[in-house]
Each structure stands twice: as C-alpha cells, then as structure tokens.
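The data block below is upload-v4.txt; it holds compact mmCIF, C-alpha atoms and all ligand atoms.
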# COMPACT_ATOMS: atom_id res chain seq x y z
CA MET A 1 39.89 -267.78 190.07
CA LYS A 2 37.21 -270.48 190.20
CA TYR A 3 34.95 -268.45 192.54
CA LYS A 4 34.01 -264.77 192.29
CA ARG A 5 32.13 -264.57 195.61
CA ILE A 6 32.62 -266.93 198.54
CA LEU A 7 30.94 -267.42 201.90
CA LEU A 8 33.65 -268.55 204.32
CA LYS A 9 32.43 -270.28 207.48
CA LEU A 10 35.04 -270.21 210.24
CA SER A 11 34.81 -272.32 213.36
CA GLY A 12 34.63 -270.43 216.62
CA GLU A 13 36.37 -273.32 218.38
CA ALA A 14 39.30 -273.12 215.97
CA LEU A 15 39.90 -269.54 217.13
CA MET A 16 41.05 -270.92 220.49
CA GLY A 17 44.24 -272.11 218.78
CA ASP A 18 46.44 -273.48 221.55
CA LEU A 19 44.32 -271.96 224.32
CA HIS A 20 41.57 -273.74 226.29
CA TYR A 21 39.03 -270.92 225.92
CA GLY A 22 38.57 -267.66 224.06
CA ILE A 23 40.58 -266.21 221.20
CA ASP A 24 44.23 -266.91 220.34
CA PRO A 25 45.67 -263.75 218.69
CA LYS A 26 48.18 -265.88 216.79
CA ARG A 27 45.42 -267.96 215.17
CA LEU A 28 43.47 -264.80 214.37
CA ALA A 29 46.50 -263.28 212.61
CA GLU A 30 47.04 -266.51 210.64
CA TYR A 31 43.43 -266.48 209.45
CA ALA A 32 43.73 -262.82 208.42
CA GLN A 33 46.80 -263.69 206.32
CA GLU A 34 45.00 -266.59 204.64
CA ILE A 35 41.99 -264.40 203.85
CA LYS A 36 44.24 -261.62 202.53
CA LYS A 37 45.78 -263.95 199.92
CA VAL A 38 42.32 -264.57 198.47
CA HIS A 39 41.18 -260.96 198.80
CA GLU A 40 44.24 -259.83 196.81
CA GLN A 41 43.03 -261.99 193.92
CA GLY A 42 39.79 -259.97 193.76
CA VAL A 43 37.54 -262.63 195.30
CA GLU A 44 34.53 -261.13 197.13
CA ILE A 45 34.48 -262.51 200.66
CA ALA A 46 31.63 -262.86 203.14
CA ILE A 47 32.34 -264.55 206.46
CA VAL A 48 30.24 -266.22 209.15
CA ILE A 49 32.08 -267.16 212.32
CA GLY A 50 30.94 -269.59 215.02
CA GLY A 51 30.86 -269.00 218.76
CA GLY A 52 31.81 -272.39 220.19
CA ASN A 53 35.01 -271.04 221.76
CA ILE A 54 32.86 -268.87 224.04
CA PHE A 55 29.32 -270.22 224.40
CA ARG A 56 26.79 -272.64 222.93
CA GLY A 57 23.10 -272.68 223.84
CA VAL A 58 22.94 -276.48 224.03
CA ALA A 59 25.79 -276.53 226.55
CA GLY A 60 23.95 -273.98 228.69
CA ALA A 61 20.71 -275.98 228.44
CA SER A 62 22.47 -279.19 229.54
CA SER A 63 23.42 -277.47 232.79
CA GLY A 64 19.90 -276.18 233.44
CA MET A 65 19.89 -272.82 231.63
CA ASP A 66 16.92 -271.80 229.52
CA ARG A 67 17.75 -272.86 225.94
CA VAL A 68 16.58 -269.68 224.27
CA GLN A 69 18.53 -267.52 226.73
CA GLY A 70 21.62 -269.65 226.05
CA ASP A 71 21.17 -269.39 222.29
CA TYR A 72 21.07 -265.60 222.45
CA MET A 73 24.27 -265.75 224.51
CA GLY A 74 25.77 -267.95 221.79
CA MET A 75 24.75 -265.42 219.14
CA LEU A 76 26.46 -262.66 221.13
CA ALA A 77 29.58 -264.85 221.30
CA THR A 78 29.68 -264.86 217.48
CA VAL A 79 29.63 -261.05 217.52
CA ILE A 80 32.64 -261.00 219.87
CA ASN A 81 34.50 -263.34 217.47
CA GLY A 82 33.36 -261.22 214.51
CA MET A 83 34.75 -258.08 216.13
CA ALA A 84 38.05 -259.81 216.84
CA LEU A 85 38.31 -261.02 213.25
CA GLN A 86 37.34 -257.60 211.93
CA GLY A 87 40.15 -256.00 213.93
CA SER A 88 42.67 -258.52 212.68
CA LEU A 89 41.62 -258.14 209.02
CA GLU A 90 41.85 -254.35 209.28
CA ASP A 91 45.29 -254.60 210.95
CA ASN A 92 46.29 -256.46 207.80
CA GLY A 93 45.03 -253.71 205.51
CA MET A 94 41.63 -255.01 204.46
CA LYS A 95 38.40 -252.99 204.51
CA THR A 96 35.60 -254.71 206.41
CA ARG A 97 32.04 -254.37 207.63
CA LEU A 98 30.45 -256.30 210.49
CA MET A 99 26.70 -256.77 210.00
CA THR A 100 24.60 -258.37 212.71
CA ALA A 101 21.29 -260.22 212.66
CA LEU A 102 20.49 -258.73 216.11
CA LYS A 103 20.57 -254.94 216.24
CA MET A 104 23.57 -253.44 218.08
CA GLU A 105 24.17 -250.32 216.06
CA SER A 106 26.88 -248.85 218.29
CA ILE A 107 29.25 -251.57 217.14
CA ALA A 108 27.91 -253.04 213.89
CA GLU A 109 25.54 -252.37 211.00
CA PRO A 110 22.21 -254.20 211.04
CA TYR A 111 22.09 -256.91 208.39
CA ILE A 112 20.41 -255.61 205.23
CA LYS A 113 20.90 -257.83 202.19
CA ARG A 114 21.20 -255.02 199.65
CA ARG A 115 23.81 -253.22 201.75
CA ALA A 116 25.76 -256.44 202.16
CA ASP A 117 25.77 -256.86 198.37
CA ARG A 118 27.03 -253.31 197.92
CA HIS A 119 29.85 -253.78 200.44
CA LEU A 120 30.92 -256.98 198.69
CA GLU A 121 30.84 -255.32 195.25
CA LYS A 122 33.12 -252.60 196.64
CA GLY A 123 35.62 -255.20 197.81
CA ARG A 124 34.88 -254.94 201.52
CA ILE A 125 34.98 -258.12 203.52
CA VAL A 126 31.59 -258.57 205.18
CA ILE A 127 31.38 -260.47 208.45
CA PHE A 128 27.88 -261.62 209.40
CA GLY A 129 27.46 -261.76 213.18
CA ALA A 130 24.76 -263.12 215.51
CA GLY A 131 23.96 -266.09 213.28
CA THR A 132 20.44 -266.08 211.86
CA GLY A 133 19.21 -263.95 214.78
CA ASN A 134 16.99 -266.86 215.89
CA PRO A 135 17.47 -269.42 218.66
CA TYR A 136 17.60 -273.15 217.80
CA PHE A 137 19.83 -272.51 214.78
CA THR A 138 23.59 -272.70 214.31
CA THR A 139 26.17 -270.61 212.52
CA ASP A 140 26.52 -273.39 209.91
CA THR A 141 22.89 -272.75 208.97
CA ALA A 142 23.48 -268.98 209.14
CA ALA A 143 26.42 -269.42 206.73
CA VAL A 144 24.28 -271.25 204.19
CA LEU A 145 21.39 -268.78 204.61
CA ARG A 146 23.60 -265.73 204.07
CA GLY A 147 25.46 -267.52 201.27
CA ILE A 148 22.17 -268.03 199.43
CA GLU A 149 21.02 -264.46 200.11
CA VAL A 150 24.18 -262.84 198.72
CA SER A 151 24.41 -265.36 195.84
CA ALA A 152 27.77 -266.76 196.90
CA ASP A 153 29.20 -269.30 194.45
CA VAL A 154 30.14 -271.69 197.24
CA ILE A 155 30.20 -272.20 201.01
CA LEU A 156 33.77 -272.82 202.19
CA LYS A 157 33.60 -274.44 205.60
CA GLY A 158 37.05 -273.94 207.08
CA THR A 159 37.44 -276.17 210.08
CA ARG A 160 39.97 -278.29 211.98
CA VAL A 161 39.21 -281.51 210.08
CA ASP A 162 40.37 -281.80 206.48
CA GLY A 163 37.08 -282.95 204.99
CA VAL A 164 34.00 -285.12 205.43
CA TYR A 165 34.69 -288.65 206.69
CA ASP A 166 32.48 -291.75 206.89
CA SER A 167 32.48 -291.26 210.68
CA ASP A 168 33.81 -288.56 213.01
CA PRO A 169 37.62 -288.60 212.50
CA GLU A 170 38.16 -287.10 215.95
CA LYS A 171 36.48 -290.20 217.45
CA ASN A 172 37.44 -292.91 214.93
CA ALA A 173 41.07 -293.02 213.76
CA ALA A 174 40.08 -295.47 210.99
CA ALA A 175 37.52 -293.06 209.44
CA VAL A 176 37.82 -292.69 205.65
CA LYS A 177 37.67 -289.32 203.91
CA PHE A 178 35.51 -288.53 200.88
CA ASP A 179 36.81 -286.27 198.08
CA TYR A 180 33.22 -285.79 196.96
CA ILE A 181 29.89 -286.70 198.56
CA SER A 182 26.29 -285.86 197.60
CA PHE A 183 23.95 -284.00 199.95
CA GLU A 184 21.70 -287.06 199.87
CA ASP A 185 24.50 -289.33 201.13
CA VAL A 186 25.76 -286.92 203.77
CA LEU A 187 22.20 -286.65 205.12
CA SER A 188 21.28 -290.34 204.89
CA LYS A 189 24.57 -291.42 206.52
CA GLY A 190 24.08 -288.85 209.32
CA LEU A 191 27.56 -287.33 208.87
CA ASN A 192 27.66 -284.55 211.43
CA VAL A 193 30.36 -282.25 210.10
CA MET A 194 27.54 -279.69 209.67
CA ASP A 195 23.99 -279.84 210.99
CA THR A 196 21.21 -281.27 208.85
CA THR A 197 19.37 -277.93 208.56
CA ALA A 198 22.47 -276.40 206.95
CA PHE A 199 22.93 -279.32 204.53
CA THR A 200 19.23 -279.38 203.60
CA LEU A 201 19.12 -275.64 202.93
CA SER A 202 22.22 -275.90 200.75
CA GLN A 203 20.82 -278.91 198.89
CA GLU A 204 17.47 -277.21 198.18
CA ASN A 205 19.25 -274.13 196.84
CA LYS A 206 21.92 -276.02 194.90
CA LEU A 207 24.74 -274.26 196.73
CA PRO A 208 27.86 -276.48 196.98
CA ILE A 209 29.88 -276.75 200.19
CA VAL A 210 33.61 -277.43 200.47
CA VAL A 211 34.75 -278.72 203.89
CA PHE A 212 38.48 -278.14 204.37
CA ASP A 213 41.26 -277.66 206.92
CA MET A 214 41.53 -273.91 207.53
CA ASN A 215 44.62 -274.40 209.69
CA LYS A 216 46.75 -275.56 206.76
CA GLU A 217 48.54 -272.65 205.14
CA GLY A 218 47.50 -271.93 201.55
CA ASN A 219 44.40 -274.16 201.51
CA LEU A 220 41.89 -271.33 201.16
CA LEU A 221 43.72 -269.82 198.17
CA LYS A 222 44.17 -273.23 196.51
CA ILE A 223 40.42 -273.91 196.73
CA CYS A 224 39.61 -270.52 195.22
CA LYS A 225 42.01 -271.32 192.37
CA GLY A 226 40.12 -274.57 191.72
CA GLU A 227 42.41 -277.14 193.34
CA ASN A 228 40.79 -280.22 194.85
CA ILE A 229 41.25 -279.71 198.58
CA GLY A 230 39.02 -281.15 201.32
CA THR A 231 35.61 -282.59 200.46
CA VAL A 232 33.07 -281.16 198.02
CA VAL A 233 29.44 -281.68 199.04
CA ASN A 234 27.11 -281.13 196.10
CA ILE A 235 24.01 -282.48 194.33
N1 LIG B 301 31.69 -287.44 209.36
C1 LIG B 301 32.44 -286.43 209.78
N2 LIG B 301 33.44 -285.94 209.00
C2 LIG B 301 34.20 -284.90 209.42
N3 LIG B 301 34.03 -284.27 210.61
C3 LIG B 301 33.04 -284.71 211.43
C4 LIG B 301 32.21 -285.79 211.05
N4 LIG B 301 31.31 -286.00 212.05
C5 LIG B 301 31.56 -285.08 212.99
N5 LIG B 301 32.61 -284.30 212.64
C6 LIG B 301 33.12 -283.21 213.47
O1 LIG B 301 32.65 -282.00 212.91
C7 LIG B 301 33.41 -280.95 213.47
C8 LIG B 301 33.51 -279.87 212.44
O2 LIG B 301 34.03 -278.78 213.02
P1 LIG B 301 33.27 -277.38 213.18
O3 LIG B 301 34.11 -276.39 212.50
O4 LIG B 301 31.84 -277.47 212.78
O5 LIG B 301 33.36 -277.22 214.71
P2 LIG B 301 32.35 -276.57 215.63
O6 LIG B 301 32.70 -277.12 216.94
O7 LIG B 301 30.96 -276.79 215.15
O8 LIG B 301 32.76 -275.06 215.49
P3 LIG B 301 31.89 -273.79 215.87
O9 LIG B 301 32.63 -273.12 216.95
O10 LIG B 301 31.84 -273.02 214.61
O11 LIG B 301 30.55 -274.24 216.28
C9 LIG B 301 34.76 -281.54 213.87
O12 LIG B 301 34.93 -281.39 215.24
C10 LIG B 301 34.63 -283.02 213.51
O13 LIG B 301 35.22 -283.84 214.48
O1 LIG B 302 21.42 -268.63 214.16
C1 LIG B 302 21.95 -268.95 215.24
C2 LIG B 302 23.33 -269.12 215.38
C3 LIG B 302 23.87 -269.45 216.60
N1 LIG B 302 23.07 -269.61 217.68
C4 LIG B 302 23.66 -269.88 219.02
O2 LIG B 302 25.01 -269.50 219.05
C5 LIG B 302 25.85 -270.62 219.41
C6 LIG B 302 27.18 -270.52 218.73
O3 LIG B 302 27.07 -270.89 217.36
P1 LIG B 302 27.81 -272.21 216.79
O4 LIG B 302 27.23 -272.43 215.43
O5 LIG B 302 27.50 -273.35 217.72
O6 LIG B 302 29.25 -271.88 216.76
C7 LIG B 302 24.99 -271.84 219.02
O7 LIG B 302 25.40 -272.97 219.74
C8 LIG B 302 23.60 -271.35 219.42
O8 LIG B 302 23.47 -271.42 220.81
C9 LIG B 302 21.70 -269.47 217.55
O9 LIG B 302 20.93 -269.63 218.52
N2 LIG B 302 21.16 -269.12 216.33
The structure given in the file should be rewritten as structure tokens.
Amino acid sequence: MKYKRILLKLSGEALMGDLHYGIDPKRLAEYAQEIKKVHEQGVEIAIVIGGGNIFRGVAGASSGMDRVQGDYMGMLATVINGMALQGSLEDNGMKTRLMTALKMESIAEPYIKRRADRHLEKGRIVIFGAGTGNPYFTTDTAAVLRGIEVSADVILKGTRVDGVYDSDPEKNAAAVKFDYISFEDVLSKGLNVMDTTAFTLSQENKLPIVVFDMNKEGNLLKICKGENIGTVVNI
C-alpha cells in the first residue's frame, strides 16, 4: 500500500445520495463498503465528515441567523453524520471511535490527539466530529488540521467531482481537469474545491491532498494502492 495512515474527508452533501436532505442509508452502506476494502489492507483510517446535508452556518447567516450560532449548529450536524457513519462501519464489522472537538461525552469521546493515535495504531477507524470546534472554519480545514496532528500521509478528499478543474465543473461543462496541481496554483487561480484556509494549512505543512470521486466504486482502494485517480495537490 502506498499510504499507511490516511485522513479521509467525506462530503456531508454526498451523504444525501438520491434524497433532497439528510442521510441516504444506501449511500452510507456504499461508503462503509469502500472504507472496508482499505481497512482490510491494514491502512489506518481517520475520517472527517462534513455537515452540508443538514446545516451550514453561512446559509443560516444569509437568512438572518447569527453566524456563530449557525456555525455551532453546523458542527453538530457533522456529529450526526459521524454517528450515522460510525453505525454503518460497525454494521460492516469495523471497530470505530467517534471523537468530537466539542464535548458531548454521552455519545462520543472528547478529541485528545494521543488517544486518537492509539486508536489508529490499534486499527480502529477514528471519526473526528464537530470540525475544529471553532466557528468560521469548515470541515475541509478540520480534515487538514487533524491530518497534520495525527501525521497522516495524505488527505483524501472524497467528493462528488472527480478532481480539481480549472473552473467549477458543476457550473462549467467545458472545465478541464488537472491530474496534478501545486498548492500555489490552486490558491492563485482561486479554485474552490476546498477553502483557502485548508489549502494553505496543507501547503505550510507539506501534506498532499488527493481530490477524487468517492461515489465511484473502488476509487478509494486504488488510490491507497498508488494508482493515479483524481487530482493530486502538492508542493
Ligand atoms: N475548480 C474546481 N474543481 C473541482 N470542483 C470545484 C471547483 N470549484 C468548485 N468546485 C466544487 O467543489 C465542490 C466540492 O465538493 P465538497 O465535497 O467540498 O462539497 P461540499 O458541499 O463542500 O460538502 P460538505 O457537505 O462536506 O461541505 C463541488 O461541489 C464542486 O462543484
Ligand atoms: O471547524 C468547523 C467546521 C464546521 N463548522 C460549521 O459546520 C458547517 C458544516 O461543515 P461543512 O464543512 O460546511 O460541511 C460549516 O458550514 C460551518 O457552519 C464550523 O463552524 N467550524
């Protein structure tokens, strides 16, 4: 395997599957199967999941809600998704721990870096919930932050687009995909597949990111084996 320890970022919105809101159990089961294939190869897996299928602070703020209040609601949404994913992974025979940046000890462990490391060493899949625990951030930034903290070899951003394009492929059908792009270029061209805080943090800490289509069967395993899938963002 090319990677020993990965930080997998999953999109909250992708969890909706064919639904208009919330969590599609079919999509959840598919993700668990994809993750299992990698886990069976002995790869240590940490996961950060978004909350866009339930709530985003910016959306709340645009309709008059206090931004900070909305952001905390968004962080709670990521915990709901984390719990759903945890259940699905365990149904498929994997051992997991959910660790949250905001304390909610009846349902999850508080995030402690050394404990997260220990869980990963023991082969448990660790899901990091509640983002960074701070408003004005995103789960993309939380993914990079946790990835750096637990010394992941790579951030694998599994999303519904199959890589980084020269403009948003969901808005421009003529957009062209990169196989590789530098952090400098992704930032200077303003390519919004992840937010700039996430890219900058990754760049400063020399942690590569692979953006790939998580909805295509086998992609996650192929990347872990070293195949060129999606777009690599690196120095
Ligand atoms: N240059 C670009 N290349 C690829 N995707 C881009 C680009 N610019 C914008 N995007 C958009 O980035 C998004 C990446 O998806 P992502 O997984 O981050 O979704 P999200 O809505 O942020 O999910 P979450 O629920 O985790 O917040 C896609 O919707 C894609 O259309
Ligand atoms: O560190 C964080 C992470 C997230 N939030 C809030 O949660 C929502 C959902 O996360 P997405 O990354 O958009 O999926 C986000 O919009 C923020 O409102 C946060 O405040 N801090």
Within 8 Å of range 225-231 of chain A, which residues of range 74-167 of chain A come that close, and what is the closest atom pair and distance in Å for each? Count all atoms listed in the file and give it as JSON lines.
{"residue": "A:Asp162", "atom": "CA", "partner": "A:Gly230", "partner_atom": "CA", "distance": 5.4}
{"residue": "A:Gly163", "atom": "CA", "partner": "A:Gly230", "partner_atom": "CA", "distance": 4.5}
{"residue": "A:Val164", "atom": "CA", "partner": "A:Thr231", "partner_atom": "CA", "distance": 5.8}
Sorted by chain and rising residue number, list the residues of range 74-105 of chain A at most 12 Å from range 42-60 of chain A (counting all atoms listed in the file), each with its closest atom pair and distance in Å to one decimal, as a Markdown table.
| residue | atom | partner | partner_atom | distance |
| --- | --- | --- | --- | --- |
| A:Gly74 | CA | A:Arg56 | CA | 4.9 |
| A:Met75 | CA | A:Gly51 | CA | 7.1 |
| A:Leu76 | CA | A:Gly51 | CA | 8.1 |
| A:Ala77 | CA | A:Gly51 | CA | 5.0 |
| A:Thr78 | CA | A:Gly51 | CA | 4.5 |
| A:Val79 | CA | A:Gly51 | CA | 8.1 |
| A:Ile80 | CA | A:Gly51 | CA | 8.3 |
| A:Asn81 | CA | A:Gly51 | CA | 6.9 |
| A:Gly82 | CA | A:Ile49 | CA | 6.5 |
| A:Met83 | CA | A:Ile49 | CA | 10.2 |
| A:Ala84 | CA | A:Ile49 | CA | 10.5 |
| A:Leu85 | CA | A:Ile49 | CA | 8.8 |
| A:Gln86 | CA | A:Ile47 | CA | 10.2 |
| A:Leu89 | CA | A:Ile47 | CA | 11.6 |
| A:Met94 | CA | A:Ile45 | CA | 11.0 |
| A:Lys95 | CA | A:Ile45 | CA | 11.0 |
| A:Thr96 | CA | A:Ala46 | CA | 9.6 |
| A:Arg97 | CA | A:Ala46 | CA | 9.6 |
| A:Leu98 | CA | A:Ile47 | CA | 9.4 |
| A:Met99 | CA | A:Val48 | CA | 10.1 |
| A:Thr100 | CA | A:Val48 | CA | 10.3 |
| A:Ala101 | CA | A:Val48 | CA | 11.3 |
As a PyMOL selection string, please: the residues near Tyr31 in chain A (cut-off 10 Å, all atoms listed in the file, same-chain neighbours under 5 positions excluded).
chain A and resi 10+15+25-26+36+85+88-89+214-215+217+220
Kindly provide the residues of chain A that approach ligand LIG 301 (chain B) to within 7 Å, each paired with its closest atom pair and their distance in Å to one decimal, based on only C-alpha atoms and all ligand atoms, listed by chain and increasing number, as a Markdown table.
| residue | atom | partner | partner_atom | distance |
| --- | --- | --- | --- | --- |
| A:Leu10 | CA | B:LIG301 | O10 | 6.1 |
| A:Ser11 | CA | B:LIG301 | O10 | 3.3 |
| A:Gly12 | CA | B:LIG301 | O9 | 3.4 |
| A:Glu13 | CA | B:LIG301 | O9 | 4.0 |
| A:Ala14 | CA | B:LIG301 | O9 | 6.7 |
| A:Ile49 | CA | B:LIG301 | O10 | 6.3 |
| A:Gly50 | CA | B:LIG301 | O10 | 3.6 |
| A:Gly51 | CA | B:LIG301 | O9 | 4.8 |
| A:Gly52 | CA | B:LIG301 | O9 | 3.4 |
| A:Asn53 | CA | B:LIG301 | O9 | 5.8 |
| A:Thr139 | CA | B:LIG301 | O10 | 6.5 |
| A:Gly158 | CA | B:LIG301 | O3 | 6.6 |
| A:Thr159 | CA | B:LIG301 | O3 | 4.1 |
| A:Arg160 | CA | B:LIG301 | O2 | 6.1 |
| A:Val161 | CA | B:LIG301 | C9 | 5.8 |
| A:Gly163 | CA | B:LIG301 | C2 | 5.6 |
| A:Val164 | CA | B:LIG301 | N2 | 3.7 |
| A:Tyr165 | CA | B:LIG301 | N2 | 3.8 |
| A:Asp166 | CA | B:LIG301 | N1 | 5.0 |
| A:Ser167 | CA | B:LIG301 | N1 | 4.1 |
| A:Asp168 | CA | B:LIG301 | N4 | 3.7 |
| A:Pro169 | CA | B:LIG301 | O13 | 5.7 |
| A:Glu170 | CA | B:LIG301 | O13 | 4.6 |
| A:Leu191 | CA | B:LIG301 | N1 | 4.2 |
| A:Asn192 | CA | B:LIG301 | N4 | 4.0 |
| A:Val193 | CA | B:LIG301 | O1 | 3.6 |
| A:Met194 | CA | B:LIG301 | O4 | 5.8 |
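Atom C6 of ligand LIG 302 (chain B) is positioned 10.0 Å from CA of Tyr136 in chain A.
Of the listed residues A:Ala29, A:Leu156, A:Met16, A:Ala142, the one whose atoms come nearest to Leu221 in chain A is A:Leu156, with distances taken using all atoms listed in the file.
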Distance CA of Ser151 in chain A-CA of Thr132 in chain A, one decimal place?
16.5 Å
Which distance in Å separates CA of Ile107 in chain A and CA of Leu7 in chain A, to one decimal?
22.1 Å
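For the choices A:Leu120, A:Ala143, A:Ile6, A:Leu207, the atom-to-atom distance to Asp195 in chain A is smallest for A:Ala143 when using all atoms listed in the file.
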